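**Q** Structure incoming, see below.
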Amino acid sequence: MRIIAFGAHPDDCELCCGGTTAKWVRDGHAVKYVSLTNGNVGHFTRHGDELAAIRRAEVEQCARILGIETQVLDINDGELEPSLANRQRVIRLIRDWQADIVLCHRPNDYHPDHRYTGQLVQDAAVLLLAKFYLPDVPALERNPVFLYYADEFQKPVPFTPSVVVGIDDVIDVKRALIDALPSQFADRDSWMGARMQGLPDDDDGRRIHIREWLLGRERRIAQRFRTQLADRYGADDAGRITHAEAFERSEYGAQLSDAKLDALFPR
Ligand SMILES: [Zn+2]
């Protein structure tokens, strides 16, 4: 299979599906991450082209860790718009990758870049098969399956998982991804390093504290969706899973039965 994951910033795909990606790659599938913005704002001493270059290098390191492709579009952080031009860029990316699975944020989220990433990817779905639309990139023969990453927003509707993937066996890969993103999560002046209260003073202590805090999201997913984990792994195995990633099917793109959708995801 060929999977393409869209994130708003150069860390979103890594955080939202890094564990599942490690398993897909292990199983022989091809994955590409796309960050729709260049992340040139979220730091407290660096910015602009310098920060964008740092962040591109960080996600390239993550791609080497995972064995995937990665691309960062040159759109300024905080300025992603759900424009026709951006929709067409997304369509071209999905077609170029010949994607079977497309992942993105849900279109309700605190960050406008996340919202518009969800909007742009959703809006691309209907046009992928239309051969006379953007004919310079061959249309797909089959609609991919579209899914959303897990989040904790409650309105207008809470995230409802269609597939939950236990990632304890690849959690050290996810740790390595977070460690490879120091301008986001480890530097003293990184987004989290500067904003989080009560951090240890030393570099290693700060990096590990933030990283384990971030992995709280995967622990909460495993707790919230224990029932779905039990359906997938059996009650005994599910009871032992402490970290998970989850995905919700979109109503756009290909509509598969629960069993067929489940079979697309690693165990
Ligand atoms: Zn983001």
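Residue numbers start at 1 in each chain; chains themselves are named A, B, ... in the order of the structure tokens; ligands are numbered from 1 in the order shown.
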For Ile3 (chain A), please output as a ChimeraX atom specification all residues within 12 Å (counting only C-alpha atoms; exclusion window: fewer than 5 positions along the same chain).

**A** /A:13,17,20-21,24-25,28-34,68-70,93-104,144-147,264-265

**Q** Could you write out that same residue set with N, CA and C atoms as a compact mmCIF listing (two decimals), in the first residue's frame?

**A**
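Dumped everything to selection13.txt:
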```
# COMPACT_ATOMS: atom_id res chain seq x y z
N CYS A 13 2.62 15.06 11.57
CA CYS A 13 2.51 13.67 11.11
C CYS A 13 3.27 12.75 12.06
N CYS A 17 0.92 9.96 13.81
CA CYS A 17 0.89 8.60 13.26
C CYS A 17 2.28 7.97 13.16
N THR A 20 2.25 4.11 14.06
CA THR A 20 1.57 3.31 13.04
C THR A 20 2.43 3.27 11.77
N THR A 21 3.07 4.40 11.47
CA THR A 21 3.95 4.45 10.29
C THR A 21 5.09 3.44 10.43
N TRP A 24 3.69 0.16 9.53
CA TRP A 24 3.41 0.03 8.09
C TRP A 24 4.71 -0.24 7.34
N VAL A 25 5.75 0.52 7.66
CA VAL A 25 7.03 0.34 6.97
C VAL A 25 7.58 -1.06 7.24
N GLY A 28 6.19 -3.47 4.99
CA GLY A 28 6.51 -3.35 3.57
C GLY A 28 5.74 -2.30 2.80
N HIS A 29 5.04 -1.42 3.49
CA HIS A 29 4.26 -0.39 2.80
C HIS A 29 5.07 0.91 2.68
N ALA A 30 4.67 1.75 1.71
CA ALA A 30 5.38 3.01 1.44
C ALA A 30 4.58 4.17 2.03
N VAL A 31 5.28 5.03 2.77
CA VAL A 31 4.61 6.14 3.45
C VAL A 31 5.31 7.45 3.09
N LYS A 32 4.51 8.48 2.91
CA LYS A 32 5.05 9.83 2.71
C LYS A 32 4.34 10.79 3.67
N TYR A 33 5.14 11.66 4.29
CA TYR A 33 4.59 12.73 5.12
C TYR A 33 4.70 14.05 4.37
N VAL A 34 3.66 14.86 4.48
CA VAL A 34 3.69 16.21 3.92
C VAL A 34 3.30 17.20 5.01
N ILE A 68 10.84 6.56 5.36
CA ILE A 68 9.74 7.09 4.55
C ILE A 68 10.23 8.30 3.76
N GLU A 69 9.33 8.83 2.92
CA GLU A 69 9.60 10.11 2.26
C GLU A 69 8.94 11.23 3.05
N THR A 70 9.50 12.43 2.91
CA THR A 70 8.90 13.57 3.60
C THR A 70 9.03 14.80 2.73
N LEU A 93 -0.37 16.18 -4.95
CA LEU A 93 0.45 15.35 -4.05
C LEU A 93 -0.16 13.96 -3.87
N ILE A 94 -1.48 13.91 -3.69
CA ILE A 94 -2.14 12.60 -3.49
C ILE A 94 -2.05 11.76 -4.77
N ARG A 95 -2.28 12.41 -5.90
CA ARG A 95 -2.19 11.67 -7.18
C ARG A 95 -0.76 11.22 -7.44
N ASP A 96 0.21 12.11 -7.25
CA ASP A 96 1.61 11.75 -7.50
C ASP A 96 2.02 10.53 -6.67
N TRP A 97 1.53 10.48 -5.45
CA TRP A 97 1.90 9.37 -4.56
C TRP A 97 1.10 8.11 -4.86
N GLN A 98 0.03 8.24 -5.70
CA GLN A 98 -0.85 7.09 -6.01
C GLN A 98 -1.37 6.48 -4.71
N ALA A 99 -1.90 7.33 -3.87
CA ALA A 99 -2.20 6.93 -2.49
C ALA A 99 -3.38 5.97 -2.39
N ASP A 100 -3.24 5.00 -1.52
CA ASP A 100 -4.36 4.14 -1.12
C ASP A 100 -5.02 4.65 0.15
N ILE A 101 -4.22 5.29 1.00
CA ILE A 101 -4.72 5.82 2.28
C ILE A 101 -4.23 7.26 2.42
N VAL A 102 -5.13 8.14 2.85
CA VAL A 102 -4.79 9.54 3.07
C VAL A 102 -5.17 9.90 4.51
N LEU A 103 -4.23 10.49 5.23
CA LEU A 103 -4.47 10.86 6.64
C LEU A 103 -4.35 12.38 6.80
N CYS A 104 -5.16 12.93 7.70
CA CYS A 104 -5.06 14.38 7.97
C CYS A 104 -5.74 14.69 9.30
N PRO A 144 -8.83 6.76 -2.77
CA PRO A 144 -8.21 6.29 -1.53
C PRO A 144 -9.20 6.34 -0.36
N VAL A 145 -8.79 5.74 0.74
CA VAL A 145 -9.52 5.85 2.00
C VAL A 145 -8.96 7.05 2.76
N PHE A 146 -9.84 7.87 3.30
CA PHE A 146 -9.42 9.05 4.06
C PHE A 146 -9.73 8.82 5.53
N LEU A 147 -8.76 9.15 6.38
CA LEU A 147 -8.99 9.04 7.83
C LEU A 147 -8.38 10.25 8.53
N LEU A 264 -6.41 -2.73 6.67
CA LEU A 264 -5.41 -1.81 6.11
C LEU A 264 -4.39 -1.36 7.16
N PHE A 265 -4.73 -1.57 8.43
CA PHE A 265 -3.87 -1.04 9.51
C PHE A 265 -3.06 -2.15 10.16
```

**Q** Pull the alpha helix (DSSP H) assignments for region 75-217 of chain A out of DSSP run on the backbone, and list those residues as a PyMOL selection string.

**A** chain A and resi 84-97+112-125+171-179+182-185+191-195+203-214+216-217

**Q** Throw together the list of residues within 6 Å of ligand 1, counting only C-alpha atoms and all ligand atoms, and drop it here as a ChimeraX atom specification.

**A** /A:8-9,12

**Q** Quick one: everything within 6 Å of Pro161 (chain A), counting only C-alpha atoms, minus sequence neighbours fewer than 5 positions away in the same chain. Send it as a PyMOL selection string.

**A** chain A and resi 246-248

**Q** Could you save those same residues with N, CA and C atoms as an mmCIF file, in the first residue's frame?

**A**
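Resulting contents of selection01.cif:
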```
data_model
loop_
_atom_site.group_PDB
_atom_site.id
_atom_site.type_symbol
_atom_site.label_atom_id
_atom_site.label_comp_id
_atom_site.auth_asym_id
_atom_site.auth_seq_id
_atom_site.Cartn_x
_atom_site.Cartn_y
_atom_site.Cartn_z
ATOM 1 N N ALA A 246 -4.900 6.389 17.052
ATOM 2 C CA ALA A 246 -6.239 6.059 16.570
ATOM 3 C C ALA A 246 -6.589 6.921 15.367
ATOM 4 N N PHE A 247 -7.482 6.394 14.553
ATOM 5 C CA PHE A 247 -7.853 7.041 13.300
ATOM 6 C C PHE A 247 -9.357 6.895 13.093
ATOM 7 N N GLU A 248 -9.956 7.973 12.602
ATOM 8 C CA GLU A 248 -11.400 7.957 12.344
ATOM 9 C C GLU A 248 -11.650 8.067 10.851
#
```

**Q** Could you work out how far CA of Pro107 (chain A) lies from CA of Glu141 (chain A), giving the answer in Å with one decimal?

**A** 26.2 Å

**Q** For Asp49 (chain A), which residue out of A:Ile208, A:Leu36, A:Leu256, A:Ile75 is the nearest one, using only C-alpha atoms?

**A**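 The answer is A:Ile75, which sits nearest to Asp49 (chain A).
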
**Q** Which residues of region 137-159 of chain A come within 10 Å of region 215-234 of chain A, and for each one, what is the closest pair of atoms and their distance in Å to one decimal, counting only C-alpha atoms, sorted by chain and residue number, as a Markdown table?

**A**
```
| residue | atom | partner | partner_atom | distance |
| --- | --- | --- | --- | --- |
| A:Ala150 | CA | A:Ile221 | CA | 8.0 |
| A:Asp151 | CA | A:Arg217 | CA | 8.7 |
| A:Glu152 | CA | A:Arg217 | CA | 9.0 |
```

**Q** Can you spit out the residues from that selection as a CSV table (one decimal), in the first residue's frame, using C-alpha atoms?

**A**
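Below you can see part.csv, which holds the result:
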```csv
chain,number,residue,atom,x,y,z
A,150,ALA,CA,-7.1,11.4,16.9
A,151,ASP,CA,-7.6,14.6,18.9
A,152,GLU,CA,-9.3,15.6,22.1
```

**Q** Could you tell me which of A:Asp172, A:Glu212, A:Asp258, A:Asp189 comes closest to Gly18 (chain A) if we count only C-alpha atoms?

**A**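 Of all the options, A:Asp172 lies closest to Gly18 (chain A).
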
**Q** Write out as a PyMOL selection string each polymer residue whose atoms come within 12 Å of Ile91 (chain A), counting only C-alpha atoms; drop sequence neighbours fewer than 4 positions from it.

**A** chain A and resi 4+6+84-87+95-99+102+120-131+133-140+143-144

**Q** In Å, with one decimal, what is the gap from CA of Cys16 (chain A) to CA of Arg207 (chain A)?

**A**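 Straight-line distance from CA of Cys16 (chain A) to CA of Arg207 (chain A) works out to 18.9 Å.
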
**Q** If we count only C-alpha atoms, what is near region 168-170 of chain A at a cut-off of 7 Å, once residues fewer than 3 positions away on the same chain are taken out, given as a list in words?

**A** Gly19, Ala22, Val173, Lys174, Ile241, Thr242 and His243 of chain A

**Q** Atoms to include: N, CA and C atoms. Write the selected residues as a PDB file, in the first residue's frame.

**A**
```pdb
ATOM      1  N   GLY A  19       3.974   6.031  15.189  1.00  0.00           N
ATOM      2  CA  GLY A  19       4.030   4.631  15.601  1.00  0.00           C
ATOM      3  C   GLY A  19       3.411   3.717  14.554  1.00  0.00           C
ATOM      4  N   ALA A  22       5.713   3.400  11.607  1.00  0.00           N
ATOM      5  CA  ALA A  22       6.815   2.453  11.812  1.00  0.00           C
ATOM      6  C   ALA A  22       6.351   1.026  11.513  1.00  0.00           C
ATOM      7  N   VAL A 173      10.681   4.007  18.791  1.00  0.00           N
ATOM      8  CA  VAL A 173      10.779   4.739  17.521  1.00  0.00           C
ATOM      9  C   VAL A 173      10.095   6.103  17.684  1.00  0.00           C
ATOM     10  N   LYS A 174       8.934   6.089  18.328  1.00  0.00           N
ATOM     11  CA  LYS A 174       8.233   7.364  18.519  1.00  0.00           C
ATOM     12  C   LYS A 174       9.044   8.295  19.418  1.00  0.00           C
ATOM     13  N   ILE A 241      -1.955  -3.065  26.597  1.00  0.00           N
ATOM     14  CA  ILE A 241      -1.480  -1.989  25.713  1.00  0.00           C
ATOM     15  C   ILE A 241      -1.521  -0.656  26.467  1.00  0.00           C
ATOM     16  N   THR A 242      -0.394   0.042  26.492  1.00  0.00           N
ATOM     17  CA  THR A 242      -0.364   1.321  27.220  1.00  0.00           C
ATOM     18  C   THR A 242      -0.303   2.531  26.289  1.00  0.00           C
ATOM     19  N   HIS A 243       0.175   2.342  25.052  1.00  0.00           N
ATOM     20  CA  HIS A 243       0.238   3.464  24.099  1.00  0.00           C
ATOM     21  C   HIS A 243      -0.465   3.056  22.808  1.00  0.00           C
TER      22      HIS A 243
END
```

**Q** When DSSP works through the backbone of this structure, what residues of region 14-236 of chain A end up as strand (DSSP E or B), shown as a short mmCIF file (atom, residue, chain, number, x, y, z; two decimals) with N, CA and C atoms, in the first residue's frame?

**A**
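Full text of part_6.cif as output:
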```
data_model
loop_
_atom_site.label_atom_id
_atom_site.label_comp_id
_atom_site.auth_asym_id
_atom_site.auth_seq_id
_atom_site.Cartn_x
_atom_site.Cartn_y
_atom_site.Cartn_z
N ALA A 30 4.67 1.75 1.71
CA ALA A 30 5.38 3.01 1.44
C ALA A 30 4.58 4.17 2.03
N VAL A 31 5.28 5.03 2.77
CA VAL A 31 4.61 6.14 3.45
C VAL A 31 5.31 7.45 3.09
N LYS A 32 4.51 8.48 2.91
CA LYS A 32 5.05 9.83 2.71
C LYS A 32 4.34 10.79 3.67
N TYR A 33 5.14 11.66 4.29
CA TYR A 33 4.59 12.73 5.12
C TYR A 33 4.70 14.05 4.37
N VAL A 34 3.66 14.86 4.48
CA VAL A 34 3.69 16.21 3.92
C VAL A 34 3.30 17.20 5.01
N SER A 35 4.17 18.18 5.24
CA SER A 35 3.81 19.29 6.11
C SER A 35 3.41 20.46 5.22
N HIS A 43 8.93 29.29 17.67
CA HIS A 43 10.15 29.21 18.46
C HIS A 43 10.37 30.59 19.06
N GLU A 69 9.33 8.83 2.92
CA GLU A 69 9.60 10.11 2.26
C GLU A 69 8.94 11.23 3.05
N THR A 70 9.50 12.43 2.91
CA THR A 70 8.90 13.57 3.60
C THR A 70 9.03 14.80 2.73
N GLN A 71 8.07 15.71 2.84
CA GLN A 71 8.10 16.96 2.07
C GLN A 71 7.50 18.06 2.92
N VAL A 72 8.12 19.23 2.85
CA VAL A 72 7.61 20.41 3.56
C VAL A 72 7.30 21.47 2.52
N ILE A 101 -4.22 5.29 1.00
CA ILE A 101 -4.72 5.82 2.28
C ILE A 101 -4.23 7.26 2.42
N VAL A 102 -5.13 8.14 2.85
CA VAL A 102 -4.79 9.54 3.07
C VAL A 102 -5.17 9.90 4.51
N LEU A 103 -4.23 10.49 5.23
CA LEU A 103 -4.47 10.86 6.64
C LEU A 103 -4.35 12.38 6.80
N CYS A 104 -5.16 12.93 7.70
CA CYS A 104 -5.06 14.38 7.97
C CYS A 104 -5.74 14.69 9.30
N VAL A 145 -8.79 5.74 0.74
CA VAL A 145 -9.52 5.85 2.00
C VAL A 145 -8.96 7.05 2.76
N PHE A 146 -9.84 7.87 3.30
CA PHE A 146 -9.42 9.05 4.06
C PHE A 146 -9.73 8.82 5.53
N LEU A 147 -8.76 9.15 6.38
CA LEU A 147 -8.99 9.04 7.83
C LEU A 147 -8.38 10.25 8.53
N TYR A 148 -8.93 10.51 9.73
CA TYR A 148 -8.45 11.63 10.55
C TYR A 148 -7.64 11.10 11.73
N TYR A 149 -6.65 11.92 12.14
CA TYR A 149 -5.90 11.63 13.36
C TYR A 149 -6.79 11.85 14.59
N VAL A 163 -10.29 2.86 13.84
CA VAL A 163 -9.20 1.90 14.03
C VAL A 163 -8.30 2.41 15.14
N VAL A 164 -7.93 1.52 16.07
CA VAL A 164 -6.97 1.88 17.12
C VAL A 164 -5.79 0.92 17.02
N VAL A 165 -4.58 1.50 16.98
CA VAL A 165 -3.36 0.71 16.76
C VAL A 165 -2.49 0.78 18.01
N GLY A 166 -2.23 -0.36 18.63
CA GLY A 166 -1.32 -0.41 19.77
C GLY A 166 0.10 -0.18 19.29
N SER A 190 12.58 26.36 22.55
CA SER A 190 11.61 25.71 21.67
C SER A 190 10.20 26.05 22.13
#
```

**Q** Quick one, how far is CA of Gly7 (chain A) from CA of Ser250 (chain A)?

**A** 15.9 Å

**Q** Residues at most 8 Å from Arg115 (chain A), counting only C-alpha atoms, excluding those fewer than 6 positions away in the same chain, as a list in words?

**A**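 After dropping sequence-adjacent residues, the list is His105, Arg106, Pro107, Asn108 and Asp109 of chain A.
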
**Q** A:Pro156, A:Gly42, A:Pro10, A:Gly67: which is nearest Ile178 (chain A), counting only C-alpha atoms?

**A**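 Looking at the shortest contact to Ile178 (chain A), the residue is A:Pro10.
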
**Q** Determine, counting only C-alpha atoms, which protein, DNA and RNA residues have an atom within 6 Å of an atom of region 52-64 of chain A; residues of the same chain fewer than 4 positions away are not included. Present the result as a short mmCIF file (atom, residue, chain, number, x, y, z; two decimals) with N, CA and C atoms, in the first residue's frame.

**A**
```cif
data_model
loop_
_atom_site.label_atom_id
_atom_site.label_comp_id
_atom_site.auth_asym_id
_atom_site.auth_seq_id
_atom_site.Cartn_x
_atom_site.Cartn_y
_atom_site.Cartn_z
N ASN A 38 5.80 25.52 6.67
CA ASN A 38 7.23 25.32 6.92
C ASN A 38 7.63 25.49 8.39
N GLY A 39 6.68 25.79 9.25
CA GLY A 39 6.99 25.86 10.69
C GLY A 39 7.95 26.98 11.06
N ASN A 40 7.86 28.13 10.37
CA ASN A 40 8.89 29.17 10.57
C ASN A 40 8.55 30.17 11.67
N ILE A 68 10.84 6.56 5.36
CA ILE A 68 9.74 7.09 4.55
C ILE A 68 10.23 8.30 3.76
N GLU A 69 9.33 8.83 2.92
CA GLU A 69 9.60 10.11 2.26
C GLU A 69 8.94 11.23 3.05
N LEU A 177 11.63 9.86 17.29
CA LEU A 177 11.08 10.93 16.44
C LEU A 177 10.99 12.23 17.23
N ALA A 180 14.18 13.80 17.72
CA ALA A 180 14.75 14.37 16.49
C ALA A 180 14.11 15.71 16.14
N LEU A 181 13.21 16.20 17.01
CA LEU A 181 12.52 17.47 16.76
C LEU A 181 12.82 18.48 17.89
#
```

**Q** Have a look at A:Val90, A:Ala259, A:Leu51, A:Ile210 and name the one nearest to Arg188 (chain A); count only C-alpha atoms.

**A**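 That would be A:Ile210, the residue with the smallest distance to Arg188 (chain A).
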